[in-house]
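Contents: one structure, followed by commentary.
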Amino acid sequence: MRSDRQRWIPAAVGFFFLLLPVVPAWAADPEIDQLLRSPVGKDWVTNGGNLTNQRYSTLTQINTTNVKQLKGAWMTRLKGSGIGGKYSFEASPLVKNGIMYLITGNDDVFALNAKTGEILWEYWSGIDQKISTICCGWVNRGLAMGEGLLYFGQLDANVVALDMKTGKVKWKTPIEKWENGYTITSAPLYYDGLVYSGISGGEFGVRGRVTALDAKSGEIKWRWYTLPGPGERGSETWPPGTDHSMRGGATVWNTPALDPQLGLLYFAAGNCGPDYDGSMREGDNLFCTSMVALKAKTGEYVWHFQQVHHDIWDYDAASPVVLFDTVIDGRPRKGIAEAGRTGWVYILDRTNGTPLIGIEERPVPQEPRQKTAKTQPYPKGDATVPQCAEPMPGYEKAGCIFEVFWEHPVIVQPSGLGGTNWSPMPYSPDTGYFYVPGTIRPGAFARYGDKFLVGQRYVGGTQAAPIGAQMSGTFTAIDGKTNKIAWQHKTPYRIGGGGGATVTAGGLVFRGEPDGNFLAIDAKTGQELWRFQTGFGADAPPVVYEVDGEQFVVIATGGNQLQGSANGDAVWAFSLKGQVGPLWPPPPPPTVAGPVGPIATGVDTIKMGGNNVEYGFVPGRVRIKAGSTLNFTNVGDLPHGATAWQKGDWDTGVVPAGLSKSITFTEPGVYYYICTPHPWMYGQVIVE
Ligand SMILES: [Cu+2]
């Protein structure tokens, strides 16, 4: 390495210089293609910054020496779009030539003056508010751009293109029907005339896929199913003569990456379905929970690496894959990495999908009824979250990663809502570190089976956090050469389902927290250098750009359902010339597991096993007047009950199916309760 140059030049730019000879002679949008292949400068034109998904900006005006002066340049509210408890705001804004483009959890798109925050045009999606096949909040992870159009997927499973100048619809292509369980939450990728889109719905018995569309017309050019049909590659990892793979999930929750030199498209596929019931799907179940490489032009399979065999824990691979170049044992290597819900970062050679640092198959606990895999991949290096659960009262067993379960609940950490969820993991070629958001949250896993019905939830069990379980997070710098922790912050809140970061050549990592704070951290040391209260859950990944010589950092602050953070419709931009001060802190997210969601009033009956959810109280939270009586009615198939949690001073006892038991609440207070036979069922009564 030459010492007279900035360190990022050989690492970040060298890779791209190599690519120049493969630039196609003809391209539909040579300017955007060039930006996508280059280190990120003044514009941010795709969700992950460029084709690598590194989220690394070369801008240095805001740096470790002056970041303390950073203040709000502007804050814009997006006219109530995505306001309400069902929404999360997860999109990275895109910026091109001083105009910002942003999509909300309702799939509404806004164009803003990136210098002032003024709204230039708006597109209201008008999506059906009755879509019932959304697993984890109404979200959209962002846009793509090219050929004068903006591209995005909607929750109604359409891919849409808008005119960048006017916001008018240019084309709209249905990938599937939401009524069949399919939705789109990922940001697409545009490159060289194609738009690549994932699909969501892993909790609804769907068949995952990646679809490539013609950017000009919206015509579908190819699709690659993440689940093999009979006789196709991977079909040997499903029980022969069955069609379980046709509803096995493996959906694609995030933006692919692309290496133009190798001509490969990369993405990660999520958990298997039904999530917690492996009894009918003996085998490794490809391509669930796998990283996959396809030929970008044709969709032809090239390689895969499965992170978790025969997944029964909802260990989605939901965070975007990241391409990076490194030197290991003196040898230049082309890497790809992905942060999993297991708490590990999986680091591979992107030319062939083999481990770059080492991943070892080790024997794991067995449960014959679940048809568990004999071994699981253990990456060398460190996990970013604890991989064992603490015992809790009421549960016979607590276990470590890959612990097995059947009908009796077993507490496992990480759960399928732990480790790194959809949040992106940036990479800095300066430090050689990945920046990994993590969630610590145990789950009580139990299998109960589910009948498959098109468009209905198909998960086969539960992983509810036990009532009273502690929940928190980590933010970790992982060394890309060793997969070991360089530094780590313990965070008071879960951040693996938010808290996505961006890193700059100014030596800074920017990231939000669900309590509304937006932070700047020294990328090398982990020292916190600046924090600012935005007033809303700051869970979306920030973006860095420049207009008229002024550098900005922007973050959508609209809260997140997974994080339990305060909802909103705000966008904050920061600069060294900024004059806008912080807002009041919003209500903080929970740090102890318990009933969440809306509080019902005017209710005198609580259904046990209601709404086709055998293991749930409906409504789960109610507010009543002192002296009121609640009827706990068992509408399920099994015996259930409601027992005061911890205090044990009231109890319906076990109520057989079809019967009711009444409890009168005389004293004001907040009462939690569980179903003793099924302790992952819980509810809350607030007496006034
Ligand atoms: Cu029960």
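Ordered as shown in the structure tokens, chains take letters A, B, and onward, while each chain numbers its residues from 1 and ligands are numbered from 1 in the order shown.
Contacts with ligand 1 are defined as any residue atom within 8 Å of a ligand atom, using only C-alpha atoms and all ligand atoms; the residues meeting this criterion are Met608, Gly609, Glu614, Tyr615, Gly616, Leu638, Pro639, His640, Gly641, Cys675, Thr676, Pro677, His678, Pro679 and Met681 of chain A.
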Listing only residues of region 423-533 of chain A within 12 Å of region 55-60 of chain A, what is the closest atom pair and its distance in Å (to one decimal) for each, using only C-alpha atoms, sorted by chain and residue number ascending, as CSV?
residue,atom,partner,partner_atom,distance
A:Ser423,CA,A:Arg55,CA,11.9
A:Pro424,CA,A:Arg55,CA,8.4
A:Met425,CA,A:Arg55,CA,8.0
A:Pro426,CA,A:Arg55,CA,5.1
A:Tyr427,CA,A:Tyr56,CA,6.5
A:Ser428,CA,A:Tyr56,CA,6.0
A:Pro429,CA,A:Tyr56,CA,8.1
A:Asp430,CA,A:Tyr56,CA,9.7
A:Thr431,CA,A:Tyr56,CA,11.2
A:Gly432,CA,A:Tyr56,CA,11.4
A:Tyr433,CA,A:Tyr56,CA,11.3
A:Phe434,CA,A:Arg55,CA,10.5
A:Tyr435,CA,A:Arg55,CA,10.3
A:Gly500,CA,A:Arg55,CA,9.9
A:Ala501,CA,A:Arg55,CA,7.9
A:Thr502,CA,A:Arg55,CA,5.3
A:Val503,CA,A:Tyr56,CA,5.0
A:Thr504,CA,A:Ser57,CA,4.6
A:Ala505,CA,A:Thr58,CA,4.8
A:Gly506,CA,A:Thr60,CA,4.2
A:Gly507,CA,A:Thr60,CA,8.0
A:Leu508,CA,A:Thr60,CA,9.2
A:Val509,CA,A:Tyr56,CA,9.3
A:Phe510,CA,A:Arg55,CA,10.6
A:Arg511,CA,A:Arg55,CA,11.8
A:Ala523,CA,A:Tyr56,CA,11.3
Please provide the set of residues having any atom within 12 Å of Leu576 (chain A), restricted to only C-alpha atoms, with same-chain residues fewer than 2 positions apart removed, written as a list in words.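 Result of the neighbour search: Thr60, Gln61, Ile62, Asn63, Thr65, Asn66, Val67, Lys68, Gln69, Leu70, Lys71, Gly72, Ala73, Trp74, Glu546, Gly549, Glu550, Gln551, Phe552, Val553, Ala573, Phe574, Gly578, Gln579 and Val580 of chain A.
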Saved selection, atoms kept: N, CA, C and O atoms, as an mmCIF file, in the first residue's frame:
data_model
loop_
_atom_site.group_PDB
_atom_site.id
_atom_site.type_symbol
_atom_site.label_atom_id
_atom_site.label_comp_id
_atom_site.auth_asym_id
_atom_site.auth_seq_id
_atom_site.Cartn_x
_atom_site.Cartn_y
_atom_site.Cartn_z
ATOM 1 N N THR A 60 -15.867 13.849 2.890
ATOM 2 C CA THR A 60 -15.045 14.050 4.100
ATOM 3 C C THR A 60 -15.269 15.401 4.765
ATOM 4 O O THR A 60 -14.610 15.715 5.753
ATOM 5 N N GLN A 61 -16.184 16.238 4.209
ATOM 6 C CA GLN A 61 -16.377 17.569 4.799
ATOM 7 C C GLN A 61 -16.791 17.457 6.268
ATOM 8 O O GLN A 61 -16.282 18.174 7.121
ATOM 9 N N ILE A 62 -17.702 16.541 6.555
ATOM 10 C CA ILE A 62 -18.061 16.261 7.953
ATOM 11 C C ILE A 62 -17.155 15.107 8.389
ATOM 12 O O ILE A 62 -17.129 14.048 7.755
ATOM 13 N N ASN A 63 -16.367 15.335 9.430
ATOM 14 C CA ASN A 63 -15.391 14.310 9.831
ATOM 15 C C ASN A 63 -15.227 14.297 11.348
ATOM 16 O O ASN A 63 -15.921 15.029 12.065
ATOM 17 N N THR A 65 -13.175 15.565 13.267
ATOM 18 C CA THR A 65 -12.722 16.790 13.948
ATOM 19 C C THR A 65 -13.842 17.812 14.117
ATOM 20 O O THR A 65 -13.770 18.667 14.991
ATOM 21 N N ASN A 66 -14.889 17.752 13.252
ATOM 22 C CA ASN A 66 -15.892 18.832 13.306
ATOM 23 C C ASN A 66 -17.323 18.336 13.518
ATOM 24 O O ASN A 66 -18.254 19.137 13.544
ATOM 25 N N VAL A 67 -17.510 17.034 13.667
ATOM 26 C CA VAL A 67 -18.875 16.495 13.706
ATOM 27 C C VAL A 67 -19.665 17.040 14.902
ATOM 28 O O VAL A 67 -20.904 17.083 14.866
ATOM 29 N N LYS A 68 -18.962 17.498 15.933
ATOM 30 C CA LYS A 68 -19.658 18.061 17.107
ATOM 31 C C LYS A 68 -20.510 19.279 16.741
ATOM 32 O O LYS A 68 -21.460 19.610 17.441
ATOM 33 N N GLN A 69 -20.155 19.963 15.624
ATOM 34 C CA GLN A 69 -20.917 21.156 15.211
ATOM 35 C C GLN A 69 -22.161 20.809 14.394
ATOM 36 O O GLN A 69 -22.910 21.703 14.003
ATOM 37 N N LEU A 70 -22.345 19.524 14.095
ATOM 38 C CA LEU A 70 -23.447 19.129 13.212
ATOM 39 C C LEU A 70 -24.800 19.491 13.829
ATOM 40 O O LEU A 70 -25.041 19.228 15.008
ATOM 41 N N LYS A 71 -25.686 20.100 13.002
ATOM 42 C CA LYS A 71 -27.036 20.449 13.454
ATOM 43 C C LYS A 71 -28.021 20.196 12.327
ATOM 44 O O LYS A 71 -27.615 20.005 11.176
ATOM 45 N N GLY A 72 -29.299 20.252 12.667
ATOM 46 C CA GLY A 72 -30.316 20.052 11.642
ATOM 47 C C GLY A 72 -30.248 21.144 10.588
ATOM 48 O O GLY A 72 -30.245 22.340 10.911
ATOM 49 N N ALA A 73 -30.189 20.748 9.306
ATOM 50 C CA ALA A 73 -30.282 21.717 8.209
ATOM 51 C C ALA A 73 -31.754 21.953 7.907
ATOM 52 O O ALA A 73 -32.188 23.062 7.652
ATOM 53 N N TRP A 74 -32.543 20.864 7.920
ATOM 54 C CA TRP A 74 -33.988 20.963 7.776
ATOM 55 C C TRP A 74 -34.641 19.686 8.283
ATOM 56 O O TRP A 74 -33.982 18.655 8.398
ATOM 57 N N GLU A 546 -24.131 15.394 -1.158
ATOM 58 C CA GLU A 546 -23.606 16.763 -1.245
ATOM 59 C C GLU A 546 -24.418 17.560 -2.255
ATOM 60 O O GLU A 546 -24.768 17.056 -3.317
ATOM 61 N N GLY A 549 -21.681 21.966 -2.934
ATOM 62 C CA GLY A 549 -20.473 21.985 -2.107
ATOM 63 C C GLY A 549 -20.705 21.761 -0.621
ATOM 64 O O GLY A 549 -19.773 21.795 0.171
ATOM 65 N N GLU A 550 -21.968 21.526 -0.226
ATOM 66 C CA GLU A 550 -22.274 21.317 1.188
ATOM 67 C C GLU A 550 -22.649 19.846 1.420
ATOM 68 O O GLU A 550 -23.503 19.302 0.716
ATOM 69 N N GLN A 551 -21.984 19.214 2.404
ATOM 70 C CA GLN A 551 -22.284 17.800 2.706
ATOM 71 C C GLN A 551 -23.437 17.692 3.688
ATOM 72 O O GLN A 551 -23.496 18.430 4.678
ATOM 73 N N PHE A 552 -24.325 16.768 3.414
ATOM 74 C CA PHE A 552 -25.473 16.502 4.289
ATOM 75 C C PHE A 552 -25.485 15.033 4.709
ATOM 76 O O PHE A 552 -24.986 14.168 3.991
ATOM 77 N N VAL A 553 -26.121 14.787 5.869
ATOM 78 C CA VAL A 553 -26.450 13.432 6.296
ATOM 79 C C VAL A 553 -27.954 13.442 6.519
ATOM 80 O O VAL A 553 -28.471 14.366 7.149
ATOM 81 N N ALA A 573 -32.390 16.260 7.813
ATOM 82 C CA ALA A 573 -31.091 16.405 7.144
ATOM 83 C C ALA A 573 -30.195 17.262 8.034
ATOM 84 O O ALA A 573 -30.665 18.213 8.672
ATOM 85 N N PHE A 574 -28.928 16.892 8.092
ATOM 86 C CA PHE A 574 -27.959 17.585 8.951
ATOM 87 C C PHE A 574 -26.792 18.098 8.115
ATOM 88 O O PHE A 574 -26.395 17.463 7.132
ATOM 89 N N GLY A 578 -26.012 23.775 9.560
ATOM 90 C CA GLY A 578 -27.369 23.626 10.080
ATOM 91 C C GLY A 578 -27.642 24.509 11.292
ATOM 92 O O GLY A 578 -26.747 24.805 12.080
ATOM 93 N N GLN A 579 -28.918 24.905 11.447
ATOM 94 C CA GLN A 579 -29.319 25.787 12.549
ATOM 95 C C GLN A 579 -30.432 25.170 13.399
ATOM 96 O O GLN A 579 -30.828 25.753 14.396
ATOM 97 N N VAL A 580 -30.978 24.027 12.987
ATOM 98 C CA VAL A 580 -32.157 23.486 13.661
ATOM 99 C C VAL A 580 -31.734 22.601 14.832
ATOM 100 O O VAL A 580 -30.891 21.715 14.680
#
Mind listing the strand (DSSP E or B) residues of region 289-323 of chain A, per DSSP on the backbone, as a ChimeraX atom specification? /A:290-295,301-306,322-323
Take the selection from the previous step and output its residues with all heavy atoms, as a compact mmCIF listing (two decimals), in the first residue's frame.
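Below is the file that was written, again09.txt:
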# COMPACT_ATOMS: atom_id res chain seq x y z
N SER A 290 -30.16 -18.90 2.76
CA SER A 290 -28.97 -19.11 1.94
C SER A 290 -28.55 -17.82 1.26
O SER A 290 -29.38 -16.96 0.96
CB SER A 290 -29.25 -20.15 0.84
OG SER A 290 -29.56 -21.40 1.39
N MET A 291 -27.24 -17.71 0.99
CA MET A 291 -26.72 -16.67 0.10
C MET A 291 -26.59 -17.32 -1.28
O MET A 291 -26.14 -18.45 -1.39
CB MET A 291 -25.36 -16.20 0.60
CG MET A 291 -25.44 -15.53 1.98
SD MET A 291 -23.87 -15.55 2.87
CE MET A 291 -23.01 -14.20 2.05
N VAL A 292 -27.00 -16.56 -2.31
CA VAL A 292 -27.08 -17.14 -3.65
C VAL A 292 -26.43 -16.19 -4.66
O VAL A 292 -26.56 -14.97 -4.53
CB VAL A 292 -28.56 -17.39 -4.05
CG1 VAL A 292 -28.66 -17.97 -5.45
CG2 VAL A 292 -29.25 -18.30 -3.05
N ALA A 293 -25.74 -16.75 -5.66
CA ALA A 293 -25.22 -15.98 -6.79
C ALA A 293 -25.83 -16.50 -8.08
O ALA A 293 -25.87 -17.71 -8.31
CB ALA A 293 -23.69 -16.09 -6.85
N LEU A 294 -26.33 -15.57 -8.90
CA LEU A 294 -26.91 -15.90 -10.21
C LEU A 294 -26.21 -15.08 -11.28
O LEU A 294 -25.67 -14.01 -10.98
CB LEU A 294 -28.41 -15.52 -10.25
CG LEU A 294 -29.34 -16.05 -9.18
CD1 LEU A 294 -30.75 -15.50 -9.43
CD2 LEU A 294 -29.36 -17.57 -9.16
N LYS A 295 -26.25 -15.54 -12.52
CA LYS A 295 -25.80 -14.69 -13.62
C LYS A 295 -26.78 -13.52 -13.75
O LYS A 295 -27.99 -13.74 -13.88
CB LYS A 295 -25.71 -15.49 -14.91
CG LYS A 295 -24.54 -16.46 -14.88
CD LYS A 295 -24.22 -17.04 -16.22
CE LYS A 295 -22.99 -17.93 -16.06
NZ LYS A 295 -22.93 -18.97 -17.12
N TYR A 301 -28.34 -20.08 -12.22
CA TYR A 301 -27.70 -20.39 -10.93
C TYR A 301 -26.18 -20.51 -11.09
O TYR A 301 -25.69 -21.12 -12.03
CB TYR A 301 -28.25 -21.72 -10.41
CG TYR A 301 -27.48 -22.31 -9.24
CD1 TYR A 301 -27.83 -22.02 -7.93
CD2 TYR A 301 -26.38 -23.15 -9.46
CE1 TYR A 301 -27.12 -22.56 -6.86
CE2 TYR A 301 -25.67 -23.69 -8.40
CZ TYR A 301 -26.05 -23.39 -7.10
OH TYR A 301 -25.34 -23.92 -6.05
N VAL A 302 -25.43 -19.93 -10.12
CA VAL A 302 -23.96 -20.08 -10.13
C VAL A 302 -23.47 -20.76 -8.85
O VAL A 302 -22.75 -21.74 -8.91
CB VAL A 302 -23.27 -18.72 -10.36
CG1 VAL A 302 -21.75 -18.88 -10.32
CG2 VAL A 302 -23.70 -18.13 -11.70
N TRP A 303 -23.82 -20.23 -7.67
CA TRP A 303 -23.46 -20.92 -6.43
C TRP A 303 -24.41 -20.52 -5.32
O TRP A 303 -25.17 -19.56 -5.44
CB TRP A 303 -21.99 -20.68 -6.02
CG TRP A 303 -21.55 -19.25 -5.74
CD1 TRP A 303 -20.75 -18.49 -6.54
CD2 TRP A 303 -21.83 -18.44 -4.58
NE1 TRP A 303 -20.53 -17.25 -5.97
CE2 TRP A 303 -21.18 -17.19 -4.75
CE3 TRP A 303 -22.58 -18.62 -3.41
CZ2 TRP A 303 -21.24 -16.15 -3.82
CZ3 TRP A 303 -22.66 -17.59 -2.47
CH2 TRP A 303 -21.98 -16.38 -2.69
N HIS A 304 -24.37 -21.28 -4.23
CA HIS A 304 -25.13 -20.91 -3.03
C HIS A 304 -24.35 -21.34 -1.80
O HIS A 304 -23.48 -22.22 -1.88
CB HIS A 304 -26.51 -21.56 -3.02
CG HIS A 304 -26.47 -23.00 -2.61
ND1 HIS A 304 -26.20 -24.02 -3.51
CD2 HIS A 304 -26.62 -23.60 -1.40
CE1 HIS A 304 -26.20 -25.17 -2.87
NE2 HIS A 304 -26.45 -24.95 -1.58
N PHE A 305 -24.68 -20.72 -0.69
CA PHE A 305 -24.15 -21.14 0.61
C PHE A 305 -25.30 -21.07 1.61
O PHE A 305 -25.89 -20.01 1.81
CB PHE A 305 -23.00 -20.23 1.08
CG PHE A 305 -22.49 -20.62 2.44
CD1 PHE A 305 -21.48 -21.57 2.56
CD2 PHE A 305 -23.04 -20.08 3.60
CE1 PHE A 305 -21.03 -21.97 3.82
CE2 PHE A 305 -22.60 -20.48 4.86
CZ PHE A 305 -21.59 -21.42 4.96
N GLN A 306 -25.62 -22.21 2.25
CA GLN A 306 -26.73 -22.22 3.20
C GLN A 306 -26.22 -21.94 4.61
O GLN A 306 -25.37 -22.67 5.13
CB GLN A 306 -27.46 -23.57 3.16
CG GLN A 306 -28.78 -23.51 3.94
CD GLN A 306 -29.61 -24.77 3.80
OE1 GLN A 306 -29.09 -25.87 3.88
NE2 GLN A 306 -30.91 -24.60 3.59
N VAL A 322 -23.20 -7.79 1.27
CA VAL A 322 -22.24 -6.70 1.05
C VAL A 322 -21.03 -7.27 0.30
O VAL A 322 -20.46 -8.28 0.73
CB VAL A 322 -21.77 -6.12 2.40
CG1 VAL A 322 -20.77 -4.99 2.19
CG2 VAL A 322 -22.96 -5.62 3.21
N LEU A 323 -20.64 -6.63 -0.80
CA LEU A 323 -19.44 -7.05 -1.54
C LEU A 323 -18.26 -6.19 -1.07
O LEU A 323 -18.40 -4.99 -0.87
CB LEU A 323 -19.63 -6.85 -3.04
CG LEU A 323 -20.91 -7.44 -3.65
CD1 LEU A 323 -20.85 -7.32 -5.17
CD2 LEU A 323 -21.12 -8.87 -3.23
Residues near Asn421 (chain A), anyone? I mean within 8 Å using only C-alpha atoms, not counting same-chain ones fewer than 3 positions away, as a PDB file with C-alpha atoms, in the first residue's frame.
ATOM      1  CA  ASP A 316     -33.855 -15.337   8.158  1.00  0.00           C
ATOM      2  CA  ALA A 317     -31.044 -13.992   6.079  1.00  0.00           C
ATOM      3  CA  ALA A 318     -32.757 -10.603   5.770  1.00  0.00           C
ATOM      4  CA  SER A 319     -29.912  -8.059   5.857  1.00  0.00           C
ATOM      5  CA  GLY A 340     -27.558 -13.207  10.045  1.00  0.00           C
ATOM      6  CA  ARG A 341     -30.155 -13.463  12.774  1.00  0.00           C
ATOM      7  CA  LEU A 417     -36.157 -11.799  15.998  1.00  0.00           C
ATOM      8  CA  GLY A 418     -32.610 -11.484  17.302  1.00  0.00           C
ATOM      9  CA  GLY A 438     -27.799  -6.644  16.755  1.00  0.00           C
ATOM     10  CA  GLY A 496     -31.024  -5.412  14.885  1.00  0.00           C
ATOM     11  CA  GLY A 497     -34.393  -4.556  13.313  1.00  0.00           C
ATOM     12  CA  GLY A 498     -33.435  -0.917  12.804  1.00  0.00           C
TER      13      GLY A 498
END
Pairwise distance for CA of Ser245 (chain A) and CA of Glu407 (chain A), rounded to one decimal in Å: 23.6 Å
Between CA of Ala657 (chain A) and CA of Val459 (chain A), measure the distance and give it in Å to one decimal. 22.6 Å
Shell around Pro442 (chain A) at 10 Å using only C-alpha atoms, local window under 2 positions removed, as a PyMOL selection string: chain A and resi 386-390+398-400+410-418+439-440+444-445+463-466+469-471+593
Those same residues - N, CA and C atoms - I'd like them written as a tab-separated table (two decimals), in the first residue's frame.
chain	number	residue	atom	x	y	z
A	386	PRO	N	-25.18	-12.56	22.29
A	386	PRO	CA	-25.05	-13.83	23.03
A	386	PRO	C	-25.82	-14.94	22.31
A	387	GLN	N	-25.29	-16.15	22.36
A	387	GLN	CA	-25.94	-17.28	21.67
A	387	GLN	C	-26.42	-18.35	22.64
A	388	CYS	N	-26.70	-17.93	23.88
A	388	CYS	CA	-27.35	-18.82	24.84
A	388	CYS	C	-28.39	-18.02	25.61
A	389	ALA	N	-29.50	-18.68	25.98
A	389	ALA	CA	-30.57	-18.02	26.72
A	389	ALA	C	-30.42	-18.29	28.21
A	390	GLU	N	-30.88	-17.33	29.03
A	390	GLU	CA	-30.93	-17.50	30.48
A	390	GLU	C	-32.20	-18.28	30.83
A	398	ALA	N	-33.89	-23.84	28.87
A	398	ALA	CA	-33.35	-22.72	28.10
A	398	ALA	C	-32.12	-23.25	27.39
A	399	GLY	N	-31.92	-22.85	26.16
A	399	GLY	CA	-30.82	-23.41	25.39
A	399	GLY	C	-30.08	-22.39	24.56
A	400	CYS	N	-29.06	-22.90	23.86
A	400	CYS	CA	-28.21	-22.06	23.02
A	400	CYS	C	-28.69	-22.15	21.58
A	410	VAL	N	-39.33	-24.01	24.69
A	410	VAL	CA	-37.92	-23.98	25.06
A	410	VAL	C	-37.41	-22.58	24.73
A	411	ILE	N	-36.70	-21.96	25.68
A	411	ILE	CA	-36.19	-20.61	25.42
A	411	ILE	C	-34.86	-20.70	24.69
A	412	VAL	N	-34.77	-20.00	23.57
A	412	VAL	CA	-33.54	-20.01	22.77
A	412	VAL	C	-33.13	-18.56	22.50
A	413	GLN	N	-31.82	-18.32	22.56
A	413	GLN	CA	-31.26	-17.02	22.18
A	413	GLN	C	-30.07	-17.32	21.27
A	414	PRO	N	-29.93	-16.70	20.10
A	414	PRO	CA	-30.84	-15.69	19.54
A	414	PRO	C	-32.14	-16.35	19.07
A	415	SER	N	-33.21	-15.55	19.11
A	415	SER	CA	-34.47	-16.00	18.52
A	415	SER	C	-34.48	-15.54	17.07
A	416	GLY	N	-35.55	-15.88	16.39
A	416	GLY	CA	-35.69	-15.43	15.01
A	416	GLY	C	-35.91	-13.94	14.89
A	417	LEU	N	-36.08	-13.27	16.03
A	417	LEU	CA	-36.16	-11.80	16.00
A	417	LEU	C	-34.94	-11.21	16.69
A	418	GLY	N	-33.84	-11.98	16.70
A	418	GLY	CA	-32.61	-11.48	17.30
A	418	GLY	C	-31.53	-11.35	16.25
A	439	THR	N	-29.75	-7.51	17.86
A	439	THR	CA	-30.82	-7.54	18.86
A	439	THR	C	-30.60	-8.73	19.80
A	440	ILE	N	-30.73	-8.45	21.10
A	440	ILE	CA	-30.71	-9.51	22.11
A	440	ILE	C	-32.14	-9.68	22.59
A	444	ALA	N	-39.38	-17.99	23.19
A	444	ALA	CA	-39.87	-19.29	23.68
A	444	ALA	C	-40.42	-20.02	22.47
A	445	PHE	N	-39.68	-21.02	22.01
A	445	PHE	CA	-40.04	-21.73	20.78
A	445	PHE	C	-40.91	-22.94	21.11
A	463	GLN	N	-42.47	-18.17	18.58
A	463	GLN	CA	-41.19	-17.81	19.18
A	463	GLN	C	-41.36	-16.54	20.02
A	464	ALA	N	-42.55	-16.38	20.64
A	464	ALA	CA	-42.83	-15.18	21.44
A	464	ALA	C	-41.76	-15.02	22.52
A	465	ALA	N	-41.36	-13.77	22.76
A	465	ALA	CA	-40.43	-13.50	23.85
A	465	ALA	C	-41.17	-13.76	25.16
A	466	PRO	N	-40.60	-14.53	26.10
A	466	PRO	CA	-41.31	-14.77	27.36
A	466	PRO	C	-41.60	-13.46	28.08
A	469	ALA	N	-38.99	-11.05	29.82
A	469	ALA	CA	-37.62	-11.25	29.31
A	469	ALA	C	-36.98	-9.90	29.00
A	470	GLN	N	-35.69	-9.78	29.32
A	470	GLN	CA	-34.94	-8.56	29.04
A	470	GLN	C	-34.60	-8.50	27.56
A	471	MET	N	-34.72	-7.31	26.99
A	471	MET	CA	-34.39	-7.12	25.57
A	471	MET	C	-33.44	-5.93	25.44
A	593	ALA	N	-39.96	-7.72	27.64
A	593	ALA	CA	-41.01	-8.27	26.77
A	593	ALA	C	-42.34	-8.30	27.50
Shell around region 404-406 of chain A at 12 Å using only C-alpha atoms, local window under 5 positions removed, as a ChimeraX atom specification: /A:276-279,310-313,364-374,396-399,411-413,443-449,460-463
Which is closest to Ile199 (chain A) among A:Ala257, A:Val635, A:Leu112, A:Ala268, if we use only C-alpha atoms?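 Checking each candidate against Ile199 (chain A), we get A:Ala268 as the closest.
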